[in-house]
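J.: What follows is final_17.txt; its format and atoms are compact mmCIF, C-alpha atoms and all ligand atoms.
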```
# COMPACT_ATOMS: atom_id res chain seq x y z
CA MET E 440 9.79 0.68 -13.57
CA ARG E 441 7.06 -1.63 -12.28
CA LEU E 442 7.12 -2.51 -8.59
CA ILE E 443 5.04 -4.19 -5.94
CA LEU E 444 5.28 -2.89 -2.36
CA LEU E 445 4.32 -5.75 -0.09
CA GLY E 446 3.82 -5.56 3.65
CA PRO E 447 1.32 -5.85 6.49
CA PRO E 448 -1.14 -3.07 7.42
CA GLY E 449 0.75 -0.07 8.79
CA ALA E 450 4.14 -1.23 7.46
CA GLY E 451 4.66 2.05 5.55
CA LYS E 452 3.59 1.05 2.04
CA GLY E 453 1.69 4.28 1.38
CA THR E 454 4.37 6.48 2.96
CA GLN E 455 7.15 4.91 0.88
CA ALA E 456 5.13 4.53 -2.34
CA GLU E 457 4.68 8.30 -2.36
CA ARG E 458 8.46 8.81 -2.16
CA LEU E 459 9.20 6.18 -4.82
CA GLN E 460 6.60 7.80 -7.06
CA ALA E 461 8.35 11.16 -6.80
CA ARG E 462 11.84 9.66 -7.26
CA PHE E 463 11.08 7.50 -10.31
CA ALA E 464 8.23 9.53 -11.89
CA VAL E 465 5.89 6.56 -11.87
CA ALA E 466 2.28 6.24 -10.65
CA GLN E 467 1.32 5.05 -7.17
CA LEU E 468 -1.55 2.59 -7.48
CA SER E 469 -3.06 1.97 -4.04
CA THR E 470 -6.09 -0.34 -4.18
CA GLY E 471 -6.98 0.80 -0.64
CA ASP E 472 -7.09 4.46 -1.77
CA MET E 473 -9.08 3.55 -4.88
CA LEU E 474 -11.62 1.55 -2.86
CA ARG E 475 -11.95 4.39 -0.32
CA ALA E 476 -12.59 6.80 -3.23
CA ALA E 477 -15.22 4.42 -4.64
CA ALA E 478 -16.86 4.22 -1.19
CA LYS E 479 -16.93 8.04 -0.98
CA SER E 480 -18.52 8.27 -4.43
CA GLY E 481 -21.47 6.27 -3.09
CA SER E 482 -21.51 3.77 -6.01
CA GLU E 483 -22.96 0.31 -5.33
CA VAL E 484 -19.51 -1.32 -5.61
CA GLY E 485 -18.08 1.37 -3.33
CA ARG E 486 -20.76 0.86 -0.69
CA GLN E 487 -20.21 -2.90 -0.67
CA ALA E 488 -16.44 -2.45 -0.45
CA ALA E 489 -16.81 0.04 2.42
CA ARG E 490 -18.68 -2.53 4.52
CA ILE E 491 -16.01 -5.19 3.93
CA MET E 492 -13.13 -2.77 4.57
CA ALA E 493 -14.65 -1.51 7.83
CA ARG E 494 -14.52 -5.10 9.12
CA GLY E 495 -10.89 -5.43 8.01
CA GLU E 496 -11.60 -8.24 5.54
CA LEU E 497 -10.46 -8.41 1.92
CA VAL E 498 -12.65 -7.16 -0.93
CA PRO E 499 -13.35 -9.89 -3.59
CA ASP E 500 -10.43 -10.55 -5.97
CA ALA E 501 -12.51 -9.81 -9.11
CA VAL E 502 -13.28 -6.26 -7.89
CA VAL E 503 -9.66 -5.22 -7.25
CA VAL E 504 -8.29 -7.02 -10.32
CA GLY E 505 -10.84 -5.13 -12.45
CA ILE E 506 -9.81 -1.80 -10.91
CA ILE E 507 -6.08 -2.40 -11.51
CA ASP E 508 -6.56 -3.77 -15.02
CA GLU E 509 -8.24 -0.54 -16.08
CA ARG E 510 -5.91 1.75 -14.11
CA VAL E 511 -2.58 0.51 -15.54
CA ASP E 512 -3.69 1.65 -19.02
CA SER E 513 -3.81 5.31 -17.86
CA ALA E 514 -1.34 7.85 -19.25
CA ASP E 515 0.38 8.39 -15.88
CA CYS E 516 1.45 4.71 -15.86
CA ARG E 517 3.49 5.12 -19.07
CA ASN E 518 6.78 5.22 -17.11
CA GLY E 519 5.59 2.45 -14.79
CA PHE E 520 3.84 2.08 -11.47
CA ILE E 521 4.12 1.07 -7.85
CA LEU E 522 1.44 -1.33 -6.69
CA ASP E 523 0.63 -0.47 -3.05
CA GLY E 524 -1.65 -3.05 -1.42
CA PHE E 525 -2.09 -5.19 -4.55
CA PRO E 526 -1.81 -8.14 -5.06
CA ARG E 527 -2.97 -9.47 -1.70
CA THR E 528 -3.89 -13.07 -2.55
CA ILE E 529 -2.34 -15.74 -4.75
CA ALA E 530 -5.36 -15.44 -7.08
CA GLN E 531 -4.66 -11.68 -7.46
CA ALA E 532 -0.96 -12.37 -8.14
CA GLN E 533 -1.88 -14.87 -10.86
CA ALA E 534 -4.37 -12.43 -12.37
CA LEU E 535 -1.65 -9.73 -12.34
CA ASP E 536 0.79 -12.07 -14.13
CA ALA E 537 -1.80 -12.80 -16.82
CA MET E 538 -2.70 -9.10 -17.13
CA LEU E 539 0.92 -7.98 -17.52
CA ALA E 540 1.66 -10.74 -20.05
CA ARG E 541 -1.38 -9.65 -22.08
CA LYS E 542 -0.19 -6.03 -22.04
CA GLY E 543 3.44 -7.01 -22.83
CA LEU E 544 4.73 -5.63 -19.49
CA LYS E 545 6.97 -7.13 -16.81
CA LEU E 546 7.56 -6.65 -13.08
CA ASP E 547 10.98 -5.32 -12.07
CA ALA E 548 10.87 -6.02 -8.34
CA VAL E 549 8.74 -6.93 -5.35
CA LEU E 550 9.83 -5.02 -2.24
CA GLU E 551 8.73 -6.43 1.11
CA LEU E 552 8.65 -4.14 4.18
CA THR E 553 9.14 -6.17 7.37
CA VAL E 554 7.75 -4.70 10.62
CA ASP E 555 6.90 -6.31 14.01
CA GLU E 556 3.21 -6.58 14.90
CA GLU E 557 3.51 -4.41 18.03
CA GLU E 558 5.02 -1.61 15.95
CA LEU E 559 2.30 -2.00 13.29
CA VAL E 560 -0.42 -1.42 15.88
CA ASP E 561 1.42 1.69 17.13
CA ARG E 562 1.75 3.08 13.59
CA ILE E 563 -1.89 2.44 12.72
CA SER E 564 -3.29 3.88 15.94
CA GLY E 565 -1.30 7.13 15.46
CA ARG E 566 -2.07 7.65 11.79
CA PHE E 567 -4.10 10.57 10.39
CA ALA E 568 -4.38 12.23 6.97
CA CYS E 569 -5.26 15.57 5.42
CA VAL E 570 -8.91 15.54 4.28
CA LYS E 571 -8.16 17.84 1.33
CA CYS E 572 -5.10 16.18 -0.30
CA GLY E 573 -4.71 12.85 1.53
CA ALA E 574 -1.15 13.52 2.80
CA GLY E 575 -0.41 11.05 5.60
CA TYR E 576 0.90 11.88 9.10
CA HIS E 577 1.47 10.24 12.47
CA ASP E 578 0.84 11.58 15.99
CA ARG E 579 4.48 10.97 16.95
CA HIS E 580 6.54 9.88 13.93
CA LEU E 581 5.44 12.38 11.27
CA GLN E 582 3.72 15.57 12.39
CA PRO E 583 2.92 18.53 10.13
CA LYS E 584 5.64 21.21 10.39
CA VAL E 585 3.04 23.69 11.66
CA ALA E 586 0.59 21.95 14.03
CA GLY E 587 -2.85 21.59 12.45
CA VAL E 588 -1.76 22.70 8.95
CA CYS E 589 -1.01 20.23 6.13
CA ASP E 590 2.57 20.64 4.81
CA ARG E 591 1.50 19.82 1.29
CA CYS E 592 -1.71 21.79 0.67
CA GLY E 593 -2.27 24.03 3.70
CA GLY E 594 -5.48 22.14 4.59
CA THR E 595 -6.55 22.32 8.23
CA GLU E 596 -8.94 19.36 8.42
CA PHE E 597 -7.63 15.87 9.21
CA SER E 598 -9.30 12.48 9.54
CA ARG E 599 -8.61 8.92 10.71
CA ARG E 600 -9.55 5.79 8.79
CA ALA E 601 -12.68 3.82 9.75
CA ASP E 602 -10.70 0.54 9.73
CA ASP E 603 -7.97 1.86 12.07
CA ASN E 604 -9.71 0.50 15.18
CA ALA E 605 -8.53 -2.37 17.39
CA VAL E 606 -11.06 -4.97 16.16
CA ALA E 607 -10.56 -4.28 12.42
CA VAL E 608 -6.78 -4.12 12.84
CA ARG E 609 -6.76 -7.63 14.31
CA THR E 610 -8.75 -8.90 11.30
CA ARG E 611 -6.45 -7.04 8.87
CA LEU E 612 -3.35 -8.60 10.46
CA LYS E 613 -4.96 -12.05 10.25
CA ALA E 614 -5.85 -11.47 6.58
CA PHE E 615 -2.22 -10.53 5.92
CA ARG E 616 -0.84 -13.63 7.67
CA GLU E 617 -3.27 -16.06 6.03
CA GLN E 618 -3.93 -14.61 2.58
CA THR E 619 -1.08 -12.24 1.68
CA ALA E 620 2.03 -13.78 3.30
CA PRO E 621 1.89 -16.75 0.83
CA LEU E 622 2.89 -14.22 -1.86
CA LEU E 623 6.38 -14.04 -0.33
CA PRO E 624 7.48 -17.54 -1.45
CA TYR E 625 5.55 -16.99 -4.72
CA TYR E 626 7.82 -14.06 -5.66
CA ARG E 627 10.94 -15.34 -3.85
CA GLN E 628 11.12 -18.38 -6.08
CA ARG E 629 11.02 -16.07 -9.11
CA GLY E 630 14.07 -14.23 -7.76
CA ILE E 631 12.43 -10.78 -7.71
CA LEU E 632 11.63 -10.45 -3.98
CA ARG E 633 13.73 -8.10 -1.84
CA SER E 634 13.12 -7.74 1.89
CA ILE E 635 13.68 -4.34 3.48
CA ASP E 636 13.85 -3.72 7.24
CA GLY E 637 10.81 -1.50 7.80
CA MET E 638 11.49 -1.04 11.53
CA THR E 639 13.86 1.90 11.06
CA GLY E 640 12.81 5.56 10.60
CA ILE E 641 10.89 6.71 7.54
CA ASP E 642 13.95 8.28 5.86
CA GLN E 643 16.14 5.22 6.49
CA VAL E 644 13.53 2.93 4.95
CA THR E 645 13.38 5.21 1.88
CA LYS E 646 17.18 5.03 1.58
CA ALA E 647 17.13 1.24 1.79
CA LEU E 648 14.43 1.05 -0.90
CA PHE E 649 16.35 3.36 -3.25
CA ALA E 650 19.51 1.29 -2.67
CA ALA E 651 17.65 -1.95 -3.43
CA LEU E 652 16.49 -0.47 -6.73
CA ALA E 653 19.83 1.02 -7.77
CA PRO E 654 21.45 -0.79 -10.71
CA PRO E 655 24.47 -2.88 -9.61
CA ALA E 656 27.72 -0.84 -9.78
P1 LIG E 701 -4.99 -0.53 2.47
O1 LIG E 701 -5.44 0.86 2.33
O2 LIG E 701 -4.04 -1.08 1.50
O3 LIG E 701 -4.47 -0.73 3.96
P2 LIG E 701 -3.36 -1.71 4.61
O4 LIG E 701 -2.72 -2.70 3.74
O5 LIG E 701 -4.03 -2.22 5.82
O6 LIG E 701 -2.17 -0.80 4.84
P3 LIG E 701 -2.20 0.62 5.48
O7 LIG E 701 -2.63 1.62 4.43
O8 LIG E 701 -2.97 0.57 6.75
O9 LIG E 701 -0.69 0.81 5.88
P4 LIG E 701 0.57 1.28 5.02
O10 LIG E 701 1.47 0.10 4.86
O11 LIG E 701 0.16 2.02 3.78
O12 LIG E 701 1.23 2.27 6.06
P5 LIG E 701 1.37 3.86 6.06
O13 LIG E 701 2.38 4.29 5.06
O14 LIG E 701 0.03 4.52 6.02
O15 LIG E 701 -6.27 -1.50 2.48
C1 LIG E 701 -7.39 -1.21 3.28
C2 LIG E 701 -8.49 -2.22 3.02
O16 LIG E 701 -8.90 -2.13 1.64
C3 LIG E 701 -8.12 -3.69 3.22
O17 LIG E 701 -8.23 -4.10 4.57
C4 LIG E 701 -9.15 -4.38 2.30
O18 LIG E 701 -10.41 -4.41 2.90
C5 LIG E 701 -9.21 -3.42 1.12
N1 LIG E 701 -8.22 -3.76 0.06
C6 LIG E 701 -7.20 -2.95 -0.37
N2 LIG E 701 -6.49 -3.58 -1.32
C7 LIG E 701 -7.06 -4.78 -1.50
C8 LIG E 701 -6.76 -5.89 -2.33
N3 LIG E 701 -5.72 -5.87 -3.19
N4 LIG E 701 -7.56 -6.99 -2.24
C9 LIG E 701 -8.63 -7.03 -1.40
N5 LIG E 701 -8.95 -6.02 -0.56
C10 LIG E 701 -8.18 -4.90 -0.62
O19 LIG E 701 2.03 4.07 7.52
C11 LIG E 701 1.27 3.88 8.69
C12 LIG E 701 1.60 4.98 9.72
O20 LIG E 701 2.93 4.78 10.20
C13 LIG E 701 1.55 6.41 9.16
O21 LIG E 701 1.03 7.27 10.14
C14 LIG E 701 3.02 6.75 8.86
O22 LIG E 701 3.28 8.13 9.03
C15 LIG E 701 3.76 5.92 9.92
N6 LIG E 701 5.03 5.37 9.43
C16 LIG E 701 5.27 4.85 8.19
N7 LIG E 701 6.55 4.39 8.11
C17 LIG E 701 7.11 4.60 9.35
C18 LIG E 701 8.41 4.35 9.89
N8 LIG E 701 9.38 3.77 9.15
N9 LIG E 701 8.63 4.69 11.18
C19 LIG E 701 7.65 5.28 11.94
N10 LIG E 701 6.39 5.56 11.47
C20 LIG E 701 6.13 5.22 10.18
MG MG E 702 -1.67 2.45 2.85
```
When written as structure tokens, how does the structure in this file appear?
T.:
Amino acid sequence: MRLILLGPPGAGKGTQAERLQARFAVAQLSTGDMLRAAAKSGSEVGRQAARIMARGELVPDAVVVGIIDERVDSADCRNGFILDGFPRTIAQAQALDAMLARKGLKLDAVLELTVDEEELVDRISGRFACVKCGAGYHDRHLQPKVAGVCDRCGGTEFSRRADDNAVAVRTRLKAFREQTAPLLPYYRQRGILRSIDGMTGIDQVTKALFAALAPPA
């Protein structure tokens, strides 16, 4: 199964991609996570990306297309993958089409998570993650079962993202409206776009996504 999870910053793409990954035994490919890993590694590309990301702007198309092109050939993508945060521009979507055609692969669905802007800001400002394993949490909506201890790995150190500040969030929302939202008609006209109400609780959104992917009875 090959999916795209589309939605504005804070919509729940990462949260839901993790659940879809477990359910369908496919790989979660988050360009945001990959770029943050590159930034941490200190490589030249990573350092450049980190500066752009901290401002909330988009990294150049060629950089992310290159990352994805290489990544989809990995063994863990044999059963398929969920693209989380890619594509984000029409140029990226066209590059993805060409890449999949070249590899003889096809997209099964594009799932859009719809969430109001006020709610997005609330979700982003409350988000934190385990430093050791990356598991994501929220101050109010998703707390570790034992305060201060990661459910998944037992880690006790947590961090917040550098781009989760008010100024960068405004720029990220603008980038979504201007550069990513045009992907909605692009996939709608191909008949593979499904919109999911992302305003409900985390478990309800997961249920709606699973239902959207279930084969017709
Ligand atoms: P990226 O890492 O992709 O960030 P984003 O798109 O801004 O999305 P987020 O990760 O902030 O949100 P999310 O939708 O994953 O929400 P989450 O599940 O965490 O990109 C970062 C940057 O990298 C970009 O700005 C750009 O610079 C660069 N970049 C990445 N890809 C690129 C590309 N293709 N091209 C160019 N540049 C690129 O949920 C948020 C919070 O809400 C969590 O705390 C969660 O617990 C909580 N939550 C989730 N769902 C619910 C719910 N239903 N109810 C209540 N709380 C919820
Ligand atoms: Mg994310």
J.: Skip range 642-652 of chain E itself and residues of its chain fewer than 5 positions away, then list as number ranges by chain all residues within 7 Å of it, counting all atoms listed in the file.
T.: E: 455, 635, 637
J.: With C-alpha atoms kept, could you save the residues just selected as a PDB file, in the frame of the given file?
T.:
```pdb
ATOM      1  CA  GLN E 455       7.150   4.910   0.880  1.00  0.00           C
ATOM      2  CA  ILE E 635      13.680  -4.340   3.480  1.00  0.00           C
ATOM      3  CA  GLY E 637      10.810  -1.500   7.800  1.00  0.00           C
TER       4      GLY E 637
END
```
J.: Quick one, how far is CA of Ile491 in chain E from atom N8 of ligand LIG 701 (chain E)?
T.: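 About the pair CA of Ile491 in chain E and atom N8 of ligand LIG 701 (chain E): they are 27.4 Å apart.
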J.: Give me, as a PDB file with C-alpha atoms, in the frame of the given file, the set of residues whose atoms come within 12 Å of any atom of ligand MG 702 (chain E), counting all atoms listed in the file.
T.:
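The result, written out as part_6.pdb:
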```pdb
ATOM      1  CA  LEU E 444       5.280  -2.890  -2.360  1.00  0.00           C
ATOM      2  CA  LEU E 445       4.320  -5.750  -0.090  1.00  0.00           C
ATOM      3  CA  GLY E 446       3.820  -5.560   3.650  1.00  0.00           C
ATOM      4  CA  PRO E 447       1.320  -5.850   6.490  1.00  0.00           C
ATOM      5  CA  PRO E 448      -1.140  -3.070   7.420  1.00  0.00           C
ATOM      6  CA  GLY E 449       0.750  -0.070   8.790  1.00  0.00           C
ATOM      7  CA  ALA E 450       4.140  -1.230   7.460  1.00  0.00           C
ATOM      8  CA  GLY E 451       4.660   2.050   5.550  1.00  0.00           C
ATOM      9  CA  LYS E 452       3.590   1.050   2.040  1.00  0.00           C
ATOM     10  CA  GLY E 453       1.690   4.280   1.380  1.00  0.00           C
ATOM     11  CA  THR E 454       4.370   6.480   2.960  1.00  0.00           C
ATOM     12  CA  GLN E 455       7.150   4.910   0.880  1.00  0.00           C
ATOM     13  CA  ALA E 456       5.130   4.530  -2.340  1.00  0.00           C
ATOM     14  CA  GLU E 457       4.680   8.300  -2.360  1.00  0.00           C
ATOM     15  CA  GLN E 467       1.320   5.050  -7.170  1.00  0.00           C
ATOM     16  CA  LEU E 468      -1.550   2.590  -7.480  1.00  0.00           C
ATOM     17  CA  SER E 469      -3.060   1.970  -4.040  1.00  0.00           C
ATOM     18  CA  THR E 470      -6.090  -0.340  -4.180  1.00  0.00           C
ATOM     19  CA  GLY E 471      -6.980   0.800  -0.640  1.00  0.00           C
ATOM     20  CA  ASP E 472      -7.090   4.460  -1.770  1.00  0.00           C
ATOM     21  CA  MET E 473      -9.080   3.550  -4.880  1.00  0.00           C
ATOM     22  CA  LEU E 474     -11.620   1.550  -2.860  1.00  0.00           C
ATOM     23  CA  ARG E 475     -11.950   4.390  -0.320  1.00  0.00           C
ATOM     24  CA  LEU E 522       1.440  -1.330  -6.690  1.00  0.00           C
ATOM     25  CA  ASP E 523       0.630  -0.470  -3.050  1.00  0.00           C
ATOM     26  CA  GLY E 524      -1.650  -3.050  -1.420  1.00  0.00           C
ATOM     27  CA  PHE E 525      -2.090  -5.190  -4.550  1.00  0.00           C
ATOM     28  CA  ARG E 562       1.750   3.080  13.590  1.00  0.00           C
ATOM     29  CA  ILE E 563      -1.890   2.440  12.720  1.00  0.00           C
ATOM     30  CA  ARG E 566      -2.070   7.650  11.790  1.00  0.00           C
ATOM     31  CA  PHE E 567      -4.100  10.570  10.390  1.00  0.00           C
ATOM     32  CA  ALA E 568      -4.380  12.230   6.970  1.00  0.00           C
ATOM     33  CA  GLY E 573      -4.710  12.850   1.530  1.00  0.00           C
ATOM     34  CA  ALA E 574      -1.150  13.520   2.800  1.00  0.00           C
ATOM     35  CA  GLY E 575      -0.410  11.050   5.600  1.00  0.00           C
ATOM     36  CA  TYR E 576       0.900  11.880   9.100  1.00  0.00           C
ATOM     37  CA  ARG E 600      -9.550   5.790   8.790  1.00  0.00           C
ATOM     38  CA  ASP E 602     -10.700   0.540   9.730  1.00  0.00           C
ATOM     39  CA  ASP E 603      -7.970   1.860  12.070  1.00  0.00           C
TER      40      ASP E 603
END
```
J.: Show me as a PyMOL selection string the residues that reach within 10 Å of (-9.1, 18.1, 8.9), counting all atoms listed in the file and using the file's own coordinates.
T.: chain E and resi 567-571+587-589+594-599
J.: CA of Val503 in chain E to atom N7 of ligand LIG 701 (chain E): how many Å, to one decimal?
T.: 24.3 Å
J.: Of the candidates E:Ala620, E:Leu544, E:Ala464, E:Leu552, which shows the shortest atom-to-atom distance to ligand LIG 701 (chain E), using only C-alpha atoms and all ligand atoms?
T.: E:Leu552
J.: Separation of atom N5 of ligand LIG 701 (chain E) and CA of Glu496 in chain E, in Å?
T.: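 So the answer is 7.0 Å.
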J.: Need the shell around Ser564 in chain E: protein/DNA/RNA residues with any atom at most 8 Å away, counting all atoms listed in the file. Skip same-chain ones fewer than 3 positions apart. Format as a PyMOL selection string?
T.: chain E and resi 560-561+603-604
J.: Using all atoms listed in the file, determine which residues lie at most 10 Å from Tyr626 in chain E, disregarding the query and same-chain residues fewer than 6 positions distant; provide the list as a PyMOL selection string.
T.: chain E and resi 532+548-550+632-633
J.: Ranking E:Leu546, E:Leu581, E:Ile631, E:Cys572 by minimum distance to ligand LIG 701 (chain E) and counting all atoms listed in the file, which one comes first?
T.: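 Checking each candidate against ligand LIG 701 (chain E), we get E:Leu581 as the closest.
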J.: At a cut-off of 12 Å, using all atoms listed in the file, what residues contact Gly495 in chain E? Leave out same-chain residues fewer than 2 positions from it and give the result as JSON, numbers by chain.
T.: {"E": [448, 471, 488, 489, 490, 491, 492, 493, 497, 498, 600, 601, 602, 603, 604, 605, 606, 607, 608, 609, 610, 611, 612, 613, 614, 615]}
J.: Pick from E:Ala653, E:Ala461, E:Val554, E:Ala540: nearest to ligand LIG 701 (chain E), with all atoms listed in the file counted?
T.: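 Looking only at the distances to ligand LIG 701 (chain E), the closest residue turns out to be E:Val554.
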J.: Name the closest residue to ligand LIG 701 (chain E) among the candidates E:Asp590, E:Glu617, E:Asp578, E:Glu483; distances are taken between atoms, counting all atoms listed in the file.
T.: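 Among the listed residues, the smallest separation from ligand LIG 701 (chain E) belongs to E:Asp578.
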J.: Tell me which of E:Ile506, E:Ala501, E:Ile529, E:Ala477 sits closest to Pro621 in chain E, counting only C-alpha atoms.
T.: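 So, comparing all the options, the nearest one is E:Ile529.
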